[in-house]
Amino acid sequence: MNAPAIAPALTAQDFKSDYKPVWCPGCGDYTVLASITRALAALQLRPEKVAVVSGIGCSSRIPAYTTCYGFHGVHGRALAAATGLKVARPDLTVLVAGGDGDGYSIGGNHFLHACRRNIDLTDIVMDNHVYGMTKGQPSPTTEPDWKSKLSPAGTGLREFHPLVIALAAGANFIARAFSGDPSGTAAVIGEAIRHPGFSFVEVLSPCVTFRPEQRAWKEAVHPASVAATDDPARAARRLMTDDGFNTGVLYKGTRPAYSAAAGKTTLHPADLEKDFAL
Amino acid sequence: MSPTKAARATTPKKPRANGTRAAAGPYAQFMARAYAMETDAAERYADFADQMDVHNNPEVAELFRKLSSIEALHAKRILEEMGWKQPPRAPLAWDEAEPPETTAHTELHYLMQPYHALQLALRNEQRAEQFFARIARARKAPPEVRRAATELAEEEREHVRLIREWMKRVPKPEKDWDRDPDPPGLSD
Ligand SMILES: Cc1ncc(C[n+]2csc(CCOP(=O)(O)OP(=O)(O)O)c2C)c(N)n1
Ligand code: SF4
């Protein structure tokens, strides 16, 4: 009898496709890609068991650069597509990746409801406080006084606080990472994948082309001084007073992940069709 | 089986995080770490080479590719020395933000020149040397680990010397090397 074939352990390299990323040299998204592939290898997943879903933007190009299943969807709709995928194929590990424009602006409503539904997804938002792909417009996380040719007087608008909003909307895991810390980013992504329910990872990922001053983020970030809490009230206090540069896992909730079984009377499309039979 | 049940039956258990594959004993663990360091460096230089290819900077791309193959060779040597048929699994995370022999992606510039690439490589080799030298000095480390760390620190010191030599043969960049009359950023 032949010995059973044992699949060799995969390395991060096995999760990288042959396509060369077209990001600007220095873009933080390179590290996020490397951290995702590293985390997937460390978790001993296999590319055919993982799907990476995205919308539109520089950061949303990530699926093409992995060997996993990928879905490069329309702008702002990555979470909607990922929700459908995970419910239909719970056996897959589903990651969502994109930018602050895709995730908080056009996709902001999906973000709220993905947190609320608590489906077992990992949402990685590469936040560079700008629309990189469309040449530098302000995004919901742009500072009110950031001036550029496209916003000469700044927006004057208060920034969106994604972590607080994620907590209030029901996300079960909330973390912040910095792309200048590939080890920390890989560790946080790995933990997010393992945590049940909706895991939200905000990665500060500099856009060196339109926000070159973000290279200085490496001096601003600092690891969170306290361990992650599972108490939403305590997490709310911490996140509300957060300076935006605290990194690490900040909240690890205990809410059970959405189960397709709960509250369902029928699931099969054929059952639905019966109601419309002539 | 109903689709609901089928869905539940196929719901996977959460994967477990895994550090280095249990290499037996502190010496093997230390060498697994050294191996991870060299592969990290090889992969990062290969990434950098790809970036330079994409941005039409073939000279620097070639240099990064060369550096990548040198690091890959070091990794292979460790495998052979240890008699490992399969590479040990890389750690999920290093204690340091950046692995000891790599530079962050944010340090690249599309107009960078070979001299800049070598400066970056020099810093990597110096950090790698310091990493091993620290272990070589650690009183608590087992003697065989300290011996191996001493040897590896010595090798890294030699690389520092070689890169310094290499830098002498490469022109130093002009002061305004990063000036671009048609920059990609509208906000410039
Ligand atoms: C429906 C629709 N509206 C607008 C756009 C134009 N658009 C493309 S990417 C983008 C913003 C991308 O910003 P972000 O998600 O922050 O990603 P980044 O490029 O910074 O990584 C916009 C507005 C589009 N593609 N589709
Ligand atoms: S424009 Fe900004 S976000 Fe887009 S690839 Fe370049 S650096 Fe990255």
# chains A, B, ... in the order shown; residues from 1 in each chain; ligands from 1
call {"tool": "closest_atom_pairs", "arguments": {"of": "chain A", "to": "chain B", "cutoff": "6 Å", "atoms": "only C-alpha atoms", "output": "JSON lines"}}
result
{"residue": "A:Pro25", "atom": "CA", "partner": "B:Leu108", "partner_atom": "CA", "distance": 5.5}
{"residue": "A:Gly26", "atom": "CA", "partner": "B:Thr106", "partner_atom": "CA", "distance": 3.7}
{"residue": "A:Cys27", "atom": "CA", "partner": "B:Thr106", "partner_atom": "CA", "distance": 5.9}
{"residue": "A:Ala42", "atom": "CA", "partner": "B:Asn18", "partner_atom": "CA", "distance": 5.3}
{"residue": "A:Leu43", "atom": "CA", "partner": "B:Ala17", "partner_atom": "CA", "distance": 4.7}
{"residue": "A:Pro90", "atom": "CA", "partner": "B:Thr11", "partner_atom": "CA", "distance": 5.2}
{"residue": "A:Asp91", "atom": "CA", "partner": "B:Thr11", "partner_atom": "CA", "distance": 5.0}
{"residue": "A:Ser148", "atom": "CA", "partner": "B:Ser187", "partner_atom": "CA", "distance": 5.2}
{"residue": "A:Lys149", "atom": "CA", "partner": "B:Ser187", "partner_atom": "CA", "distance": 5.3}
{"residue": "A:Asp181", "atom": "CA", "partner": "B:Ala97", "partner_atom": "CA", "distance": 4.4}
{"residue": "A:Ser183", "atom": "CA", "partner": "B:Ala93", "partner_atom": "CA", "distance": 4.4}
{"residue": "A:Ala187", "atom": "CA", "partner": "B:Ala93", "partner_atom": "CA", "distance": 5.8}
{"residue": "A:Arg194", "atom": "CA", "partner": "B:Lys14", "partner_atom": "CA", "distance": 5.5}
{"residue": "A:Thr209", "atom": "CA", "partner": "B:Gly185", "partner_atom": "CA", "distance": 5.7}
{"residue": "A:Phe210", "atom": "CA", "partner": "B:Gly185", "partner_atom": "CA", "distance": 5.5}
{"residue": "A:Ala261", "atom": "CA", "partner": "B:Thr4", "partner_atom": "CA", "distance": 5.8}
call {"tool": "residues_around", "arguments": {"residues": "Gly244 of chain A", "least_positions_apart": "4", "cutoff": "9 Å", "atoms": "only C-alpha atoms", "output": "VMD selection string"}}
result
chain A and resid 161 176 221 239
call {"tool": "residues_near_ligand", "arguments": {"ligand": "ligand 1", "cutoff": "7 Å", "atoms": "only C-alpha atoms and all ligand atoms", "output": "PyMOL selection string"}}
result
chain A and resi 56-60+74-75+98-103+126-134+139
call {"tool": "write_last_selection", "arguments": {"atoms": "N, CA and C atoms", "output": "PDB file, in the first residue's frame"}}
result
ATOM      1  N   ILE A  56     -12.197  48.368  -4.690  1.00  0.00           N
ATOM      2  CA  ILE A  56     -11.334  49.081  -5.642  1.00  0.00           C
ATOM      3  C   ILE A  56     -10.426  50.043  -4.885  1.00  0.00           C
ATOM      4  N   GLY A  57      -9.216  50.166  -5.374  1.00  0.00           N
ATOM      5  CA  GLY A  57      -8.218  51.034  -4.758  1.00  0.00           C
ATOM      6  C   GLY A  57      -6.862  50.377  -4.904  1.00  0.00           C
ATOM      7  N   CYS A  58      -5.804  51.110  -4.577  1.00  0.00           N
ATOM      8  CA  CYS A  58      -4.469  50.496  -4.655  1.00  0.00           C
ATOM      9  C   CYS A  58      -4.431  49.266  -3.750  1.00  0.00           C
ATOM     10  N   SER A  59      -4.879  49.447  -2.509  1.00  0.00           N
ATOM     11  CA  SER A  59      -4.846  48.360  -1.524  1.00  0.00           C
ATOM     12  C   SER A  59      -5.731  47.187  -1.957  1.00  0.00           C
ATOM     13  N   SER A  60      -6.771  47.493  -2.702  1.00  0.00           N
ATOM     14  CA  SER A  60      -7.708  46.436  -3.108  1.00  0.00           C
ATOM     15  C   SER A  60      -7.140  45.528  -4.194  1.00  0.00           C
ATOM     16  N   VAL A  74     -16.597  45.359  -6.902  1.00  0.00           N
ATOM     17  CA  VAL A  74     -16.803  46.786  -7.197  1.00  0.00           C
ATOM     18  C   VAL A  74     -16.486  47.612  -5.950  1.00  0.00           C
ATOM     19  N   HIS A  75     -16.340  48.905  -6.178  1.00  0.00           N
ATOM     20  CA  HIS A  75     -15.883  49.803  -5.122  1.00  0.00           C
ATOM     21  C   HIS A  75     -16.839  49.790  -3.922  1.00  0.00           C
ATOM     22  N   GLY A  98      -8.777  46.107   1.768  1.00  0.00           N
ATOM     23  CA  GLY A  98      -9.021  47.315   0.987  1.00  0.00           C
ATOM     24  C   GLY A  98      -8.554  48.550   1.726  1.00  0.00           C
ATOM     25  N   GLY A  99      -8.978  49.708   1.224  1.00  0.00           N
ATOM     26  CA  GLY A  99      -8.504  50.957   1.798  1.00  0.00           C
ATOM     27  C   GLY A  99      -9.574  51.679   2.595  1.00  0.00           C
ATOM     28  N   ASP A 100      -9.188  52.848   3.128  1.00  0.00           N
ATOM     29  CA  ASP A 100     -10.113  53.630   3.946  1.00  0.00           C
ATOM     30  C   ASP A 100     -11.215  54.251   3.089  1.00  0.00           C
ATOM     31  N   GLY A 101     -10.907  54.545   1.822  1.00  0.00           N
ATOM     32  CA  GLY A 101     -11.937  55.064   0.931  1.00  0.00           C
ATOM     33  C   GLY A 101     -12.949  53.983   0.642  1.00  0.00           C
ATOM     34  N   ASP A 102     -12.453  52.838   0.233  1.00  0.00           N
ATOM     35  CA  ASP A 102     -13.314  51.708  -0.106  1.00  0.00           C
ATOM     36  C   ASP A 102     -14.117  51.242   1.117  1.00  0.00           C
ATOM     37  N   GLY A 103     -13.451  51.178   2.255  1.00  0.00           N
ATOM     38  CA  GLY A 103     -14.059  50.563   3.432  1.00  0.00           C
ATOM     39  C   GLY A 103     -14.941  51.503   4.245  1.00  0.00           C
ATOM     40  N   MET A 126      -6.374  48.918   4.928  1.00  0.00           N
ATOM     41  CA  MET A 126      -5.097  49.618   4.839  1.00  0.00           C
ATOM     42  C   MET A 126      -5.388  51.111   4.811  1.00  0.00           C
ATOM     43  N   ASP A 127      -5.254  51.736   5.961  1.00  0.00           N
ATOM     44  CA  ASP A 127      -5.677  53.123   6.111  1.00  0.00           C
ATOM     45  C   ASP A 127      -4.483  54.063   5.867  1.00  0.00           C
ATOM     46  N   ASN A 128      -4.590  54.836   4.787  1.00  0.00           N
ATOM     47  CA  ASN A 128      -3.537  55.831   4.511  1.00  0.00           C
ATOM     48  C   ASN A 128      -4.129  57.245   4.505  1.00  0.00           C
ATOM     49  N   HIS A 129      -5.349  57.362   4.992  1.00  0.00           N
ATOM     50  CA  HIS A 129      -6.009  58.668   5.138  1.00  0.00           C
ATOM     51  C   HIS A 129      -6.085  59.421   3.810  1.00  0.00           C
ATOM     52  N   VAL A 130      -6.212  58.677   2.719  1.00  0.00           N
ATOM     53  CA  VAL A 130      -6.284  59.329   1.400  1.00  0.00           C
ATOM     54  C   VAL A 130      -6.789  58.319   0.366  1.00  0.00           C
ATOM     55  N   TYR A 131      -7.334  58.831  -0.744  1.00  0.00           N
ATOM     56  CA  TYR A 131      -7.637  57.951  -1.878  1.00  0.00           C
ATOM     57  C   TYR A 131      -6.362  57.907  -2.720  1.00  0.00           C
ATOM     58  N   GLY A 132      -5.610  56.837  -2.614  1.00  0.00           N
ATOM     59  CA  GLY A 132      -4.346  56.744  -3.350  1.00  0.00           C
ATOM     60  C   GLY A 132      -4.571  56.556  -4.847  1.00  0.00           C
ATOM     61  N   MET A 133      -5.423  55.606  -5.175  1.00  0.00           N
ATOM     62  CA  MET A 133      -5.572  55.220  -6.584  1.00  0.00           C
ATOM     63  C   MET A 133      -6.052  56.377  -7.462  1.00  0.00           C
ATOM     64  N   THR A 134      -6.910  57.235  -6.916  1.00  0.00           N
ATOM     65  CA  THR A 134      -7.470  58.304  -7.750  1.00  0.00           C
ATOM     66  C   THR A 134      -6.726  59.631  -7.567  1.00  0.00           C
ATOM     67  N   SER A 139     -10.057  61.334   2.341  1.00  0.00           N
ATOM     68  CA  SER A 139     -10.974  60.224   2.644  1.00  0.00           C
ATOM     69  C   SER A 139     -11.634  60.498   3.998  1.00  0.00           C
TER      70      SER A 139
END
call {"tool": "select_by_dssp", "arguments": {"residues": "segment 32-182 of chain B", "states": "alpha helix (DSSP H)", "output": "count of residues only"}}
result
98
call {"tool": "closest_residue", "arguments": {"among": "A:Lys274, A:Arg238, A:Arg158, A:Lys252", "to": "Trp146 of chain A", "atoms": "only C-alpha atoms"}}
result
A:Arg158
call {"tool": "select_by_dssp", "arguments": {"residues": "segment 88-188 of chain A", "states": "strand (DSSP E or B)", "output": "JSON list (two decimals) with all heavy atoms, in the first residue's frame"}}
result
[["chain", "number", "residue", "atom", "x", "y", "z"],
["A", 93, "THR", "N", -11.69, 30.15, 4.66],
["A", 93, "THR", "CA", -11.26, 31.29, 5.47],
["A", 93, "THR", "C", -11.38, 32.50, 4.56],
["A", 93, "THR", "O", -10.77, 32.53, 3.48],
["A", 93, "THR", "CB", -9.79, 31.10, 5.92],
["A", 93, "THR", "OG1", -9.75, 29.96, 6.77],
["A", 93, "THR", "CG2", -9.27, 32.32, 6.66],
["A", 94, "VAL", "N", -12.18, 33.47, 4.95],
["A", 94, "VAL", "CA", -12.42, 34.61, 4.05],
["A", 94, "VAL", "C", -11.81, 35.89, 4.64],
["A", 94, "VAL", "O", -12.13, 36.28, 5.76],
["A", 94, "VAL", "CB", -13.93, 34.81, 3.77],
["A", 94, "VAL", "CG1", -14.15, 35.98, 2.82],
["A", 94, "VAL", "CG2", -14.53, 33.53, 3.18],
["A", 95, "LEU", "N", -10.91, 36.48, 3.85],
["A", 95, "LEU", "CA", -10.29, 37.75, 4.23],
["A", 95, "LEU", "C", -10.84, 38.84, 3.32],
["A", 95, "LEU", "O", -11.07, 38.60, 2.13],
["A", 95, "LEU", "CB", -8.77, 37.72, 4.05],
["A", 95, "LEU", "CG", -7.98, 36.55, 4.63],
["A", 95, "LEU", "CD1", -6.47, 36.81, 4.44],
["A", 95, "LEU", "CD2", -8.27, 36.39, 6.10],
["A", 96, "VAL", "N", -11.02, 40.02, 3.88],
["A", 96, "VAL", "CA", -11.44, 41.17, 3.08],
["A", 96, "VAL", "C", -10.32, 42.18, 3.20],
["A", 96, "VAL", "O", -9.79, 42.40, 4.29],
["A", 96, "VAL", "CB", -12.75, 41.76, 3.64],
["A", 96, "VAL", "CG1", -13.22, 42.92, 2.77],
["A", 96, "VAL", "CG2", -13.82, 40.69, 3.72],
["A", 97, "ALA", "N", -9.93, 42.77, 2.06],
["A", 97, "ALA", "CA", -8.81, 43.72, 2.12],
["A", 97, "ALA", "C", -9.14, 44.94, 1.28],
["A", 97, "ALA", "O", -9.74, 44.82, 0.21],
["A", 97, "ALA", "CB", -7.54, 43.05, 1.60],
["A", 98, "GLY", "N", -8.78, 46.11, 1.77],
["A", 98, "GLY", "CA", -9.02, 47.31, 0.99],
["A", 98, "GLY", "C", -8.55, 48.55, 1.73],
["A", 98, "GLY", "O", -7.85, 48.45, 2.73],
["A", 99, "GLY", "N", -8.98, 49.71, 1.22],
["A", 99, "GLY", "CA", -8.50, 50.96, 1.80],
["A", 99, "GLY", "C", -9.57, 51.68, 2.60],
["A", 99, "GLY", "O", -10.72, 51.22, 2.71],
["A", 121, "LEU", "N", -15.42, 36.69, 9.43],
["A", 121, "LEU", "CA", -14.57, 37.27, 8.38],
["A", 121, "LEU", "C", -13.43, 38.03, 9.03],
["A", 121, "LEU", "O", -13.56, 38.46, 10.17],
["A", 121, "LEU", "CB", -15.37, 38.29, 7.54],
["A", 121, "LEU", "CG", -16.64, 37.85, 6.83],
["A", 121, "LEU", "CD1", -17.38, 39.07, 6.29],
["A", 121, "LEU", "CD2", -16.28, 36.90, 5.70],
["A", 122, "THR", "N", -12.37, 38.25, 8.28],
["A", 122, "THR", "CA", -11.30, 39.13, 8.76],
["A", 122, "THR", "C", -11.19, 40.29, 7.79],
["A", 122, "THR", "O", -10.89, 40.10, 6.61],
["A", 122, "THR", "CB", -9.96, 38.36, 8.84],
["A", 122, "THR", "OG1", -10.14, 37.28, 9.75],
["A", 122, "THR", "CG2", -8.83, 39.26, 9.32],
["A", 123, "ASP", "N", -11.48, 41.48, 8.29],
["A", 123, "ASP", "CA", -11.50, 42.68, 7.44],
["A", 123, "ASP", "C", -10.22, 43.47, 7.70],
["A", 123, "ASP", "O", -10.01, 43.96, 8.81],
["A", 123, "ASP", "CB", -12.74, 43.51, 7.80],
["A", 123, "ASP", "CG", -12.88, 44.75, 6.93],
["A", 123, "ASP", "OD1", -12.34, 44.76, 5.81],
["A", 123, "ASP", "OD2", -13.56, 45.71, 7.37],
["A", 124, "ILE", "N", -9.38, 43.58, 6.68],
["A", 124, "ILE", "CA", -8.11, 44.30, 6.82],
["A", 124, "ILE", "C", -8.20, 45.60, 6.03],
["A", 124, "ILE", "O", -8.29, 45.59, 4.80],
["A", 124, "ILE", "CB", -6.94, 43.44, 6.28],
["A", 124, "ILE", "CG1", -6.89, 42.10, 7.05],
["A", 124, "ILE", "CG2", -5.60, 44.18, 6.41],
["A", 124, "ILE", "CD1", -6.05, 41.05, 6.37],
["A", 125, "VAL", "N", -8.21, 46.71, 6.74],
["A", 125, "VAL", "CA", -8.31, 48.00, 6.06],
["A", 125, "VAL", "C", -6.95, 48.68, 6.11],
["A", 125, "VAL", "O", -6.41, 48.95, 7.18],
["A", 125, "VAL", "CB", -9.39, 48.90, 6.69],
["A", 125, "VAL", "CG1", -9.41, 50.27, 6.00],
["A", 125, "VAL", "CG2", -10.76, 48.24, 6.58],
["A", 126, "MET", "N", -6.37, 48.92, 4.93],
["A", 126, "MET", "CA", -5.10, 49.62, 4.84],
["A", 126, "MET", "C", -5.39, 51.11, 4.81],
["A", 126, "MET", "O", -5.77, 51.67, 3.78],
["A", 126, "MET", "CB", -4.35, 49.17, 3.58],
["A", 126, "MET", "CG", -3.73, 47.80, 3.74],
["A", 126, "MET", "SD", -3.59, 46.92, 2.18],
["A", 126, "MET", "CE", -5.10, 45.95, 2.23],
["A", 127, "ASP", "N", -5.25, 51.74, 5.96],
["A", 127, "ASP", "CA", -5.68, 53.12, 6.11],
["A", 127, "ASP", "C", -4.48, 54.06, 5.87],
["A", 127, "ASP", "O", -3.50, 54.04, 6.62],
["A", 127, "ASP", "CB", -6.26, 53.32, 7.52],
["A", 127, "ASP", "CG", -6.99, 54.64, 7.67],
["A", 127, "ASP", "OD1", -6.89, 55.48, 6.76],
["A", 127, "ASP", "OD2", -7.67, 54.82, 8.70],
["A", 131, "TYR", "N", -7.33, 58.83, -0.74],
["A", 131, "TYR", "CA", -7.64, 57.95, -1.88],
["A", 131, "TYR", "C", -6.36, 57.91, -2.72],
["A", 131, "TYR", "O", -6.08, 58.84, -3.47],
["A", 131, "TYR", "CB", -8.75, 58.54, -2.75],
["A", 131, "TYR", "CG", -10.14, 58.61, -2.15],
["A", 131, "TYR", "CD1", -11.16, 59.14, -2.91],
["A", 131, "TYR", "CD2", -10.43, 58.14, -0.88],
["A", 131, "TYR", "CE1", -12.46, 59.22, -2.40],
["A", 131, "TYR", "CE2", -11.72, 58.22, -0.37],
["A", 131, "TYR", "CZ", -12.73, 58.77, -1.13],
["A", 131, "TYR", "OH", -14.00, 58.85, -0.63],
["A", 137, "GLN", "N", -7.35, 62.33, -3.21],
["A", 137, "GLN", "CA", -8.46, 63.06, -2.58],
["A", 137, "GLN", "C", -8.55, 62.68, -1.10],
["A", 137, "GLN", "O", -8.19, 61.57, -0.72],
["A", 137, "GLN", "CB", -9.80, 62.72, -3.26],
["A", 137, "GLN", "CG", -9.91, 63.11, -4.71],
["A", 137, "GLN", "CD", -9.33, 62.06, -5.64],
["A", 137, "GLN", "OE1", -8.72, 61.08, -5.21],
["A", 137, "GLN", "NE2", -9.51, 62.26, -6.92],
["A", 148, "SER", "N", -4.03, 70.02, 0.28],
["A", 148, "SER", "CA", -3.40, 69.52, -0.94],
["A", 148, "SER", "C", -4.01, 70.31, -2.09],
["A", 148, "SER", "O", -4.92, 71.10, -1.88],
["A", 148, "SER", "CB", -3.69, 68.03, -1.11],
["A", 148, "SER", "OG", -5.05, 67.86, -1.44],
["A", 151, "SER", "N", -7.62, 69.78, -2.02],
["A", 151, "SER", "CA", -8.37, 70.31, -0.86],
["A", 151, "SER", "C", -7.50, 71.44, -0.27],
["A", 151, "SER", "O", -6.92, 71.27, 0.80],
["A", 151, "SER", "CB", -8.64, 69.22, 0.17],
["A", 151, "SER", "OG", -7.43, 68.59, 0.55],
["A", 173, "PHE", "N", -13.65, 41.61, 17.21],
["A", 173, "PHE", "CA", -12.18, 41.67, 17.38],
["A", 173, "PHE", "C", -11.73, 42.96, 16.72],
["A", 173, "PHE", "O", -12.09, 43.23, 15.57],
["A", 173, "PHE", "CB", -11.56, 40.46, 16.67],
["A", 173, "PHE", "CG", -10.05, 40.39, 16.70],
["A", 173, "PHE", "CD1", -9.39, 39.54, 17.60],
["A", 173, "PHE", "CD2", -9.28, 41.16, 15.82],
["A", 173, "PHE", "CE1", -8.00, 39.46, 17.60],
["A", 173, "PHE", "CE2", -7.89, 41.08, 15.84],
["A", 173, "PHE", "CZ", -7.25, 40.23, 16.72],
["A", 174, "ILE", "N", -11.00, 43.76, 17.46],
["A", 174, "ILE", "CA", -10.57, 45.05, 16.92],
["A", 174, "ILE", "C", -9.08, 45.23, 17.20],
["A", 174, "ILE", "O", -8.63, 45.09, 18.35],
["A", 174, "ILE", "CB", -11.39, 46.20, 17.55],
["A", 174, "ILE", "CG1", -12.87, 46.03, 17.20],
["A", 174, "ILE", "CG2", -10.87, 47.57, 17.08],
["A", 174, "ILE", "CD1", -13.80, 46.99, 17.92],
["A", 175, "ALA", "N", -8.33, 45.52, 16.14],
["A", 175, "ALA", "CA", -6.89, 45.68, 16.32],
["A", 175, "ALA", "C", -6.38, 46.76, 15.39],
["A", 175, "ALA", "O", -7.01, 47.08, 14.38],
["A", 175, "ALA", "CB", -6.19, 44.36, 16.01],
["A", 176, "ARG", "N", -5.24, 47.32, 15.76],
["A", 176, "ARG", "CA", -4.57, 48.25, 14.86],
["A", 176, "ARG", "C", -3.12, 47.78, 14.68],
["A", 176, "ARG", "O", -2.48, 47.35, 15.64],
["A", 176, "ARG", "CB", -4.58, 49.67, 15.43],
["A", 176, "ARG", "CG", -4.02, 50.67, 14.43],
["A", 176, "ARG", "CD", -3.86, 52.08, 14.99],
["A", 176, "ARG", "NE", -5.10, 52.79, 15.18],
["A", 176, "ARG", "CZ", -5.56, 53.19, 16.36],
["A", 176, "ARG", "NH1", -4.89, 52.91, 17.46],
["A", 176, "ARG", "NH2", -6.68, 53.85, 16.46],
["A", 177, "ALA", "N", -2.66, 47.85, 13.44],
["A", 177, "ALA", "CA", -1.26, 47.48, 13.16],
["A", 177, "ALA", "C", -0.64, 48.59, 12.34],
["A", 177, "ALA", "O", -1.33, 49.50, 11.88],
["A", 177, "ALA", "CB", -1.23, 46.16, 12.40],
["A", 178, "PHE", "N", 0.65, 48.50, 12.18],
["A", 178, "PHE", "CA", 1.37, 49.50, 11.39],
["A", 178, "PHE", "C", 2.23, 48.75, 10.38],
["A", 178, "PHE", "O", 2.97, 47.84, 10.75],
["A", 178, "PHE", "CB", 2.22, 50.36, 12.32],
["A", 178, "PHE", "CG", 3.21, 51.24, 11.61],
["A", 178, "PHE", "CD1", 2.80, 52.07, 10.57],
["A", 178, "PHE", "CD2", 4.55, 51.26, 11.99],
["A", 178, "PHE", "CE1", 3.71, 52.88, 9.90],
["A", 178, "PHE", "CE2", 5.46, 52.08, 11.32],
["A", 178, "PHE", "CZ", 5.04, 52.90, 10.28]]
call {"tool": "residues_around", "arguments": {"residues": "Leu122 of chain B", "least_positions_apart": "4", "cutoff": "8 Å", "atoms": "only C-alpha atoms", "output": "tab-separated table (two decimals) with C-alpha atoms, in the first residue's frame"}}
result
chain	number	residue	atom	x	y	z
B	118	LEU	CA	24.04	49.09	-0.91
B	126	GLN	CA	25.29	45.42	10.52
B	160	VAL	CA	29.78	44.22	6.12
B	163	ILE	CA	29.53	45.60	1.02
B	164	ARG	CA	31.77	48.47	2.06
call {"tool": "atom_distance", "arguments": {"atom1": "atom CA of Ala171 of chain A", "atom2": "atom CA of Asn118 of chain A"}}
result
6.2 Å
call {"tool": "residues_around", "arguments": {"residues": "Asn246 of chain A", "least_positions_apart": "6", "cutoff": "6 Å", "atoms": "only C-alpha atoms", "output": "ChimeraX atom specification"}}
result
/A:222-224
call {"tool": "residues_around", "arguments": {"residues": "Tyr19 of chain A", "least_positions_apart": "2", "cutoff": "7 Å", "atoms": "only C-alpha atoms", "output": "PyMOL selection string"}}
result
chain A and resi 17+21+65
call {"tool": "write_last_selection", "arguments": {"atoms": "all heavy atoms", "output": "compact mmCIF listing (two decimals), in the first residue's frame"}}
result
# COMPACT_ATOMS: atom_id res chain seq x y z
N SER A 17 1.47 35.23 -5.52
CA SER A 17 1.31 34.86 -6.92
C SER A 17 2.49 35.36 -7.74
O SER A 17 3.39 36.01 -7.21
CB SER A 17 0.02 35.47 -7.48
OG SER A 17 0.19 36.85 -7.72
N PRO A 21 3.47 43.23 -7.79
CA PRO A 21 2.61 44.36 -7.41
C PRO A 21 3.03 45.64 -8.12
O PRO A 21 4.24 45.88 -8.33
CB PRO A 21 2.84 44.48 -5.90
CG PRO A 21 3.31 43.13 -5.46
CD PRO A 21 4.08 42.58 -6.62
N TYR A 65 -2.39 39.34 -5.98
CA TYR A 65 -1.00 39.07 -5.60
C TYR A 65 -0.86 37.86 -4.69
O TYR A 65 0.22 37.56 -4.20
CB TYR A 65 -0.39 40.32 -4.94
CG TYR A 65 -0.47 41.55 -5.80
CD1 TYR A 65 -0.74 42.81 -5.26
CD2 TYR A 65 -0.27 41.47 -7.17
CE1 TYR A 65 -0.83 43.94 -6.07
CE2 TYR A 65 -0.36 42.58 -7.98
CZ TYR A 65 -0.64 43.82 -7.43
OH TYR A 65 -0.72 44.92 -8.23
call {"tool": "residues_around", "arguments": {"residues": "segment 140-145 of chain B", "least_positions_apart": "5", "cutoff": "8 Å", "atoms": "only C-alpha atoms", "output": "ChimeraX atom specification"}}
result
/B:26-27,30,135
